[in-house]
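Structure first, then comments.
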Amino acid sequence: MTVRLGCIADDFTGATDLANNLVRAGMRVIQLIDVPRGGAEQPLDADAVVIALKSRTTPASDAVAASLRALEWMRSAGTEQIYFKYCSTFDSTRAGNIGPVTEALMDALGTDFTVATPAFPDNGRTVFKGHLFVGDVLLGESGMRHHPLTPMTDSNLVSVLGAQTKRPVGLVDHTVVAAGAEEIRRRVEALRAEGVGAAIVDAVSNDDLVRLGAAVKGLPLVTAGSGLAIGLPANWGFAPSPAAARLPAPGGRRAVISGSVSGATNGQVREFVRAGRPAFSVDPLRIAAGDDVAGQALAFAAAHLAEGPVLVYSTETPDAVKDVQGRLGAAEAGELVEQTLAQVARGLMELGVRQLVVAGGETSGAVVRALGITGLRIGPQIAPGVPWCAAALPGGDTLHITLKSGNFGGPGFFTTSFDRLDGETA
Ligand code: ADP
């Protein structure tokens, strides 16, 4: 099988979001956690590969180096087009990293032009006249204004990207996009002739992204949020099909690990406990006091796994988390909880768990590392942006796992996700 599309994502949950969109548009996708050592094994059983980096907020030179390593790996896999994926709110600092990574990839690929659009209308991210809207407000007037690491105060992406690149940045505006792929291509050629290296492209609907997708067929590099993924697979003849999301049959016990402290996850934990299902609360203060909290959680799990999914959670309300952070320090508390939940994850594998829901982005990273998982085959979507995945455990067994970033999923997510897996393979 030929790997058509090679994607380089600047963070982990963003990578999953992109992979999920590609699967829904008919491609079979493997997501890799960081760049594998050595070249790609051949043949790779996927139409697209997404490499998840952690390069959104690292120094620009590190982000460039990691992205170039990912590109080299993609080339060894024989990919035909590269997709640099960033956040749909164009999260970046004044120095980058979107601009520097884009230019480094362009140089390495020997291409003089690329497009840039974070638009994802299904999630309320639209671009009009080069300005990014988050829901009904401009980016610079949205909550992103106050983001601790990447505050976005300028909504005009032509100027945001222009400040990060040496190459001139242009605009393919909505009049052109609405007129179709041919017109977009004509505009691209005109911009190229003017010496423009990257163009922000307007998109306010999925149809716009589909038109753009067709127009960028054959372009060595595209850069976007996860939205453009809906418009690319058709270029190779892919169409939505359940076969793209097929995973091996699930087996083993079921568990949920939740280290997310976000609002949606608090609701999911409450719902699970309310339904009378087995749940073990991990208290950071007891970990700090030296109790074997992971051991206790695993003993609890061992006693209850036969009843159905067991939940191990550190999830607490914002006030309780603040209190713990005040006593232990925020970073220290996070680290203690992540280490404990990672240990719990390893123990759950020994107890025969082979279907695992993990809630929280940082928590997911810690669990995936602890389990030695290096790649995920992306399966069917459970909730918008959250797919089931299959991973090979170091011993050779298959683990079905879903990594839910904080605010995703409805209140019943911790049980309905397993029903979805049953339904898929029934
Ligand atoms: P989310 O962003 O959805 O809250 P993450 O897993 O990305 O989920 O981040 C949550 C962070 O909070 C992690 O570092 C986790 O270890 C930490 N954490 C989890 N539970 C607690 C708690 N009860 N007290 C303090 N920190 C916690």
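Identifiers in the structure tokens: chain A, B, ... in order shown; residue index from 1 per chain; ligand index from 1 in order shown.
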Please produce, as JSON lines, a per-residue contact table for chain A versus ligand 1 (criterion: any atom at most 7 Å away, only C-alpha atoms and all ligand atoms considered), showing the nearest atom pair and its distance in Å to one decimal, sorted by chain then residue number.
```
{"residue": "A:Gly259", "atom": "CA", "partner": "ligand 1", "partner_atom_place_in_ligand_line": "19 (C)", "distance": 4.3}
{"residue": "A:Ser260", "atom": "CA", "partner": "ligand 1", "partner_atom_place_in_ligand_line": "8 (O)", "distance": 3.3}
{"residue": "A:Val261", "atom": "CA", "partner": "ligand 1", "partner_atom_place_in_ligand_line": "4 (O)", "distance": 3.7}
{"residue": "A:Ser262", "atom": "CA", "partner": "ligand 1", "partner_atom_place_in_ligand_line": "4 (O)", "distance": 4.4}
{"residue": "A:Thr265", "atom": "CA", "partner": "ligand 1", "partner_atom_place_in_ligand_line": "3 (O)", "distance": 7.0}
{"residue": "A:Asp283", "atom": "CA", "partner": "ligand 1", "partner_atom_place_in_ligand_line": "23 (N)", "distance": 6.4}
{"residue": "A:Pro284", "atom": "CA", "partner": "ligand 1", "partner_atom_place_in_ligand_line": "23 (N)", "distance": 6.0}
{"residue": "A:Ser314", "atom": "CA", "partner": "ligand 1", "partner_atom_place_in_ligand_line": "20 (N)", "distance": 4.3}
{"residue": "A:Thr315", "atom": "CA", "partner": "ligand 1", "partner_atom_place_in_ligand_line": "20 (N)", "distance": 4.8}
{"residue": "A:Glu316", "atom": "CA", "partner": "ligand 1", "partner_atom_place_in_ligand_line": "23 (N)", "distance": 5.0}
{"residue": "A:Ala320", "atom": "CA", "partner": "ligand 1", "partner_atom_place_in_ligand_line": "23 (N)", "distance": 6.9}
{"residue": "A:Val321", "atom": "CA", "partner": "ligand 1", "partner_atom_place_in_ligand_line": "24 (N)", "distance": 4.2}
{"residue": "A:Val324", "atom": "CA", "partner": "ligand 1", "partner_atom_place_in_ligand_line": "24 (N)", "distance": 5.4}
{"residue": "A:Gln325", "atom": "CA", "partner": "ligand 1", "partner_atom_place_in_ligand_line": "25 (C)", "distance": 5.7}
{"residue": "A:Ala330", "atom": "CA", "partner": "ligand 1", "partner_atom_place_in_ligand_line": "26 (N)", "distance": 6.6}
{"residue": "A:Ala333", "atom": "CA", "partner": "ligand 1", "partner_atom_place_in_ligand_line": "26 (N)", "distance": 5.0}
{"residue": "A:Gly334", "atom": "CA", "partner": "ligand 1", "partner_atom_place_in_ligand_line": "16 (O)", "distance": 3.5}
{"residue": "A:Glu335", "atom": "CA", "partner": "ligand 1", "partner_atom_place_in_ligand_line": "16 (O)", "distance": 5.7}
{"residue": "A:Leu336", "atom": "CA", "partner": "ligand 1", "partner_atom_place_in_ligand_line": "16 (O)", "distance": 6.8}
{"residue": "A:Val337", "atom": "CA", "partner": "ligand 1", "partner_atom_place_in_ligand_line": "16 (O)", "distance": 4.4}
{"residue": "A:Glu338", "atom": "CA", "partner": "ligand 1", "partner_atom_place_in_ligand_line": "16 (O)", "distance": 4.4}
{"residue": "A:Ala359", "atom": "CA", "partner": "ligand 1", "partner_atom_place_in_ligand_line": "6 (O)", "distance": 6.6}
{"residue": "A:Gly360", "atom": "CA", "partner": "ligand 1", "partner_atom_place_in_ligand_line": "8 (O)", "distance": 3.3}
{"residue": "A:Gly361", "atom": "CA", "partner": "ligand 1", "partner_atom_place_in_ligand_line": "7 (O)", "distance": 3.7}
{"residue": "A:Glu362", "atom": "CA", "partner": "ligand 1", "partner_atom_place_in_ligand_line": "7 (O)", "distance": 3.7}
{"residue": "A:Thr363", "atom": "CA", "partner": "ligand 1", "partner_atom_place_in_ligand_line": "6 (O)", "distance": 3.8}
{"residue": "A:Ser364", "atom": "CA", "partner": "ligand 1", "partner_atom_place_in_ligand_line": "6 (O)", "distance": 6.5}
{"residue": "A:Ser405", "atom": "CA", "partner": "ligand 1", "partner_atom_place_in_ligand_line": "3 (O)", "distance": 5.6}
{"residue": "A:Gly406", "atom": "CA", "partner": "ligand 1", "partner_atom_place_in_ligand_line": "3 (O)", "distance": 3.0}
{"residue": "A:Asn407", "atom": "CA", "partner": "ligand 1", "partner_atom_place_in_ligand_line": "3 (O)", "distance": 6.2}
```
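Contact shell of Leu351 (chain A) at 12 Å (only C-alpha atoms; same-chain neighbours under 2 positions omitted): Gly252, Arg253, Arg254, Ala255, Ala297, Leu298, Ala299, Phe300, Ala301, Ala302, Ala303, His304, Leu305, Ala306, Val310, Val344, Ala345, Arg346, Gly347, Leu348, Met349, Val353, Arg354 and Gln355 of chain A.
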#### Entry: Within 10 Å of Leu157 (chain A) using only C-alpha atoms, minus same-chain residues under 2 positions, as number ranges by chain
A: 90, 116-118, 127-132, 139, 154-155, 159-163, 169-171, 199-201
Could you write out, as a short mmCIF file (atom, residue, chain, number, x, y, z; two decimals) with all heavy atoms, in the first residue's frame, all the residues of region 178-316 of chain A that DSSP marks as strand (DSSP E)?
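selection19.cif was written with the following content:
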```cif
data_model
loop_
_atom_site.label_atom_id
_atom_site.label_comp_id
_atom_site.auth_asym_id
_atom_site.auth_seq_id
_atom_site.Cartn_x
_atom_site.Cartn_y
_atom_site.Cartn_z
N ALA A 198 3.64 32.12 0.76
CA ALA A 198 2.57 31.42 1.47
C ALA A 198 1.32 32.26 1.42
O ALA A 198 1.39 33.49 1.54
CB ALA A 198 2.95 31.16 2.92
N ALA A 199 0.17 31.63 1.20
CA ALA A 199 -1.08 32.39 1.15
C ALA A 199 -2.06 31.86 2.18
O ALA A 199 -2.32 30.66 2.26
CB ALA A 199 -1.70 32.29 -0.24
N ILE A 200 -2.58 32.78 3.00
CA ILE A 200 -3.71 32.46 3.86
C ILE A 200 -4.91 32.27 2.94
O ILE A 200 -5.11 33.04 1.99
CB ILE A 200 -4.00 33.63 4.84
CG1 ILE A 200 -2.77 33.95 5.71
CG2 ILE A 200 -5.24 33.35 5.68
CD1 ILE A 200 -2.38 32.86 6.69
N VAL A 201 -5.69 31.21 3.18
CA VAL A 201 -6.86 30.96 2.33
C VAL A 201 -8.12 31.06 3.17
O VAL A 201 -8.24 30.40 4.22
CB VAL A 201 -6.78 29.56 1.67
CG1 VAL A 201 -7.94 29.38 0.70
CG2 VAL A 201 -5.45 29.38 0.94
N LEU A 221 3.55 20.74 -0.29
CA LEU A 221 3.29 21.04 1.12
C LEU A 221 2.01 21.83 1.27
O LEU A 221 1.79 22.82 0.56
CB LEU A 221 4.46 21.87 1.69
CG LEU A 221 4.28 22.38 3.12
CD1 LEU A 221 4.36 21.25 4.14
CD2 LEU A 221 5.35 23.44 3.45
N VAL A 222 1.15 21.39 2.20
CA VAL A 222 0.04 22.23 2.62
C VAL A 222 0.17 22.43 4.12
O VAL A 222 0.74 21.58 4.82
CB VAL A 222 -1.35 21.61 2.29
CG1 VAL A 222 -1.53 21.45 0.80
CG2 VAL A 222 -1.55 20.27 3.00
N THR A 223 -0.32 23.56 4.63
CA THR A 223 -0.31 23.79 6.08
C THR A 223 -1.71 24.23 6.47
O THR A 223 -2.35 25.00 5.77
CB THR A 223 0.73 24.86 6.50
OG1 THR A 223 0.15 26.17 6.34
CG2 THR A 223 2.02 24.77 5.70
N ALA A 224 -2.20 23.69 7.58
CA ALA A 224 -3.59 23.94 7.95
C ALA A 224 -3.88 23.44 9.36
O ALA A 224 -3.04 22.76 9.97
CB ALA A 224 -4.52 23.22 6.96
N ARG A 253 -10.34 -6.87 29.47
CA ARG A 253 -11.11 -6.07 30.42
C ARG A 253 -11.14 -4.60 30.01
O ARG A 253 -10.33 -4.16 29.20
CB ARG A 253 -10.48 -6.17 31.80
CG ARG A 253 -10.30 -7.60 32.29
CD ARG A 253 -11.60 -8.11 32.85
NE ARG A 253 -11.37 -9.23 33.74
CZ ARG A 253 -12.25 -10.21 33.91
NH1 ARG A 253 -13.39 -10.20 33.23
NH2 ARG A 253 -12.02 -11.17 34.76
N ARG A 254 -12.05 -3.88 30.69
CA ARG A 254 -12.25 -2.46 30.34
C ARG A 254 -11.95 -1.54 31.52
O ARG A 254 -12.36 -1.83 32.65
CB ARG A 254 -13.71 -2.24 29.93
CG ARG A 254 -14.09 -3.05 28.73
CD ARG A 254 -15.56 -3.00 28.45
NE ARG A 254 -15.80 -3.34 27.05
CZ ARG A 254 -16.99 -3.38 26.48
NH1 ARG A 254 -18.07 -3.11 27.20
NH2 ARG A 254 -17.11 -3.68 25.21
N ALA A 255 -11.26 -0.43 31.24
CA ALA A 255 -10.98 0.52 32.31
C ALA A 255 -10.92 1.94 31.77
O ALA A 255 -10.76 2.16 30.56
CB ALA A 255 -9.66 0.16 32.99
N VAL A 256 -11.06 2.88 32.70
CA VAL A 256 -10.97 4.31 32.37
C VAL A 256 -9.97 4.93 33.33
O VAL A 256 -10.03 4.69 34.55
CB VAL A 256 -12.33 5.02 32.56
CG1 VAL A 256 -12.23 6.49 32.15
CG2 VAL A 256 -13.44 4.32 31.78
N ILE A 257 -9.03 5.71 32.79
CA ILE A 257 -8.10 6.47 33.63
C ILE A 257 -8.34 7.94 33.34
O ILE A 257 -8.26 8.37 32.18
CB ILE A 257 -6.63 6.11 33.29
CG1 ILE A 257 -6.34 4.67 33.70
CG2 ILE A 257 -5.67 7.08 33.98
CD1 ILE A 257 -4.92 4.23 33.37
N SER A 258 -8.63 8.71 34.36
CA SER A 258 -8.92 10.12 34.13
C SER A 258 -8.06 11.01 35.02
O SER A 258 -8.21 11.03 36.25
CB SER A 258 -10.40 10.41 34.37
OG SER A 258 -10.61 11.80 34.22
N ALA A 279 -15.48 3.02 40.99
CA ALA A 279 -14.59 4.15 40.74
C ALA A 279 -13.65 4.35 41.91
O ALA A 279 -14.07 4.30 43.06
CB ALA A 279 -15.42 5.41 40.50
N PHE A 280 -12.39 4.57 41.63
CA PHE A 280 -11.37 4.77 42.68
C PHE A 280 -10.78 6.17 42.53
O PHE A 280 -10.27 6.53 41.46
CB PHE A 280 -10.26 3.72 42.55
CG PHE A 280 -9.23 3.82 43.64
CD1 PHE A 280 -9.34 3.07 44.81
CD2 PHE A 280 -8.14 4.68 43.50
CE1 PHE A 280 -8.40 3.16 45.81
CE2 PHE A 280 -7.19 4.78 44.51
CZ PHE A 280 -7.31 4.02 45.67
N SER A 281 -10.85 6.94 43.60
CA SER A 281 -10.35 8.31 43.55
C SER A 281 -8.89 8.38 44.01
O SER A 281 -8.55 7.90 45.09
CB SER A 281 -11.25 9.19 44.44
OG SER A 281 -10.56 10.36 44.78
N VAL A 310 -13.84 -0.18 35.07
CA VAL A 310 -13.46 0.41 36.35
C VAL A 310 -12.80 1.75 36.05
O VAL A 310 -12.00 1.85 35.12
CB VAL A 310 -12.46 -0.52 37.08
CG1 VAL A 310 -11.85 0.20 38.29
CG2 VAL A 310 -13.13 -1.81 37.52
N LEU A 311 -13.16 2.74 36.85
CA LEU A 311 -12.59 4.08 36.68
C LEU A 311 -11.57 4.38 37.77
O LEU A 311 -11.86 4.19 38.96
CB LEU A 311 -13.73 5.12 36.73
CG LEU A 311 -13.34 6.59 36.88
CD1 LEU A 311 -12.57 7.09 35.64
CD2 LEU A 311 -14.59 7.46 37.10
N VAL A 312 -10.39 4.84 37.38
CA VAL A 312 -9.41 5.37 38.34
C VAL A 312 -9.22 6.84 37.97
O VAL A 312 -8.84 7.14 36.84
CB VAL A 312 -8.07 4.61 38.25
CG1 VAL A 312 -7.05 5.23 39.21
CG2 VAL A 312 -8.27 3.12 38.57
N TYR A 313 -9.51 7.74 38.91
CA TYR A 313 -9.53 9.16 38.55
C TYR A 313 -8.91 10.05 39.60
O TYR A 313 -9.01 9.78 40.80
CB TYR A 313 -10.97 9.61 38.27
CG TYR A 313 -11.86 9.63 39.49
CD1 TYR A 313 -12.17 10.84 40.13
CD2 TYR A 313 -12.41 8.46 40.00
CE1 TYR A 313 -12.99 10.87 41.26
CE2 TYR A 313 -13.23 8.48 41.13
CZ TYR A 313 -13.51 9.69 41.75
OH TYR A 313 -14.31 9.70 42.86
#
```
### Task
Could you please determine the separation between CA of Thr89 (chain A) and CA of Leu149 (chain A) in Å, to one decimal place?
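Spanning CA of Thr89 (chain A) to CA of Leu149 (chain A) is a straight-line distance of 12.9 Å.
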Write out as JSON lines a residue-level contact list of region 212-324 of chain A versus region 23-35 of chain A with cut-off 9 Å: for each qualifying residue the closest pair of atoms and the distance in Å to one decimal, counting only C-alpha atoms, rows sorted by chain and residue number upward.
```
{"residue": "A:Ala229", "atom": "CA", "partner": "A:Ala25", "partner_atom": "CA", "distance": 7.7}
{"residue": "A:Ile230", "atom": "CA", "partner": "A:Ala25", "partner_atom": "CA", "distance": 5.8}
{"residue": "A:Gly231", "atom": "CA", "partner": "A:Ala25", "partner_atom": "CA", "distance": 8.1}
{"residue": "A:Leu232", "atom": "CA", "partner": "A:Ala25", "partner_atom": "CA", "distance": 8.4}
{"residue": "A:Pro233", "atom": "CA", "partner": "A:Ala25", "partner_atom": "CA", "distance": 6.3}
{"residue": "A:Ala234", "atom": "CA", "partner": "A:Ala25", "partner_atom": "CA", "distance": 7.8}
{"residue": "A:Phe238", "atom": "CA", "partner": "A:Gly26", "partner_atom": "CA", "distance": 5.3}
{"residue": "A:Ala239", "atom": "CA", "partner": "A:Gly26", "partner_atom": "CA", "distance": 4.8}
{"residue": "A:Pro240", "atom": "CA", "partner": "A:Gly26", "partner_atom": "CA", "distance": 4.1}
{"residue": "A:Ser241", "atom": "CA", "partner": "A:Gly26", "partner_atom": "CA", "distance": 5.4}
{"residue": "A:Pro242", "atom": "CA", "partner": "A:Gly26", "partner_atom": "CA", "distance": 7.8}
{"residue": "A:Ala243", "atom": "CA", "partner": "A:Gly26", "partner_atom": "CA", "distance": 7.9}
{"residue": "A:Ala244", "atom": "CA", "partner": "A:Arg28", "partner_atom": "CA", "distance": 4.8}
{"residue": "A:Ala245", "atom": "CA", "partner": "A:Val23", "partner_atom": "CA", "distance": 6.1}
{"residue": "A:Arg246", "atom": "CA", "partner": "A:Arg28", "partner_atom": "CA", "distance": 8.5}
```
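Closest approach to Val177 (chain A) among A:Val137, A:Leu22, A:Ile82, A:Val216 is made by A:Val216 (distances from only C-alpha atoms).
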Find the residues near region 393-398 of chain A: any atom within 9 Å, counting only C-alpha atoms, skip ones fewer than 4 places away on the same chain, and give them as an mmCIF file with C-alpha atoms, in the first residue's frame.
```cif
data_model
loop_
_atom_site.group_PDB
_atom_site.id
_atom_site.type_symbol
_atom_site.label_atom_id
_atom_site.label_comp_id
_atom_site.auth_asym_id
_atom_site.auth_seq_id
_atom_site.Cartn_x
_atom_site.Cartn_y
_atom_site.Cartn_z
ATOM 1 C CA PRO A 248 -9.025 -5.566 15.026
ATOM 2 C CA PRO A 250 -11.456 -5.923 20.849
ATOM 3 C CA GLY A 251 -10.907 -8.240 23.797
ATOM 4 C CA ARG A 354 -7.240 -4.374 26.730
ATOM 5 C CA LEU A 371 2.766 1.639 28.073
ATOM 6 C CA GLY A 372 5.538 1.905 25.482
ATOM 7 C CA ILE A 373 3.041 2.701 22.723
ATOM 8 C CA THR A 374 4.699 4.156 19.619
#
```
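Among the candidates A:His174, A:Arg274, A:Lys404, A:Arg377, the one nearest to Ala391 (chain A) when counting only C-alpha atoms is A:Arg377.
Each of A:Val210, A:Cys87, A:Leu376, A:Val357 was compared to Leu403 (chain A) using only C-alpha atoms, and A:Val357 turns out to be the nearest.
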### Nearest to Pro59 (chain A) by atom-to-atom distance, counting only C-alpha atoms, from A:Leu219, A:Ile401, A:Ala46, A:Ala95
A:Ala95
### Task
Assign secondary structure with DSSP using the backbone only, and return the residues of region 117-148 of chain A in helix (DSSP H, G or I) as a VMD selection string.
chain A and resid 121 to 123 139 to 141 143 to 146
Keeping only C-alpha atoms, take the residues you just selected and write them out as a PDB file, in the first residue's frame.
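To be explicit, this is the file written out as selection-v4.pdb:
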```pdb
ATOM      1  CA  PRO A 121     -16.090  25.378  10.228  1.00  0.00           C
ATOM      2  CA  ASP A 122     -17.523  22.324  12.056  1.00  0.00           C
ATOM      3  CA  ASN A 123     -15.713  23.589  15.153  1.00  0.00           C
ATOM      4  CA  LEU A 139      -9.518  35.579  17.239  1.00  0.00           C
ATOM      5  CA  GLY A 140      -7.990  38.653  18.874  1.00  0.00           C
ATOM      6  CA  GLU A 141     -11.185  39.263  20.819  1.00  0.00           C
ATOM      7  CA  GLY A 143     -10.387  33.874  24.970  1.00  0.00           C
ATOM      8  CA  MET A 144      -7.169  33.130  23.019  1.00  0.00           C
ATOM      9  CA  ARG A 145      -6.191  36.716  23.779  1.00  0.00           C
ATOM     10  CA  HIS A 146      -5.289  35.587  27.276  1.00  0.00           C
TER      11      HIS A 146
END
```
### Shortest interatomic distance to Ile184 (chain A) - which of A:Asp207, A:Ala215, A:Ala275, A:Asn156, counting only C-alpha atoms
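With only C-alpha atoms as the atom set, the closest residue is A:Ala215.
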#### Entry: Between CA of Gly379 (chain A) and CA of Val101 (chain A), distance in Å (one decimal)
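According to the coordinates, CA of Gly379 (chain A) and CA of Val101 (chain A) are separated by 29.1 Å.
For the choices A:Ile98, A:Leu5, A:Leu328, A:Ala294, the atom-to-atom distance to Gln343 (chain A) is smallest for A:Ala294 when using only C-alpha atoms.
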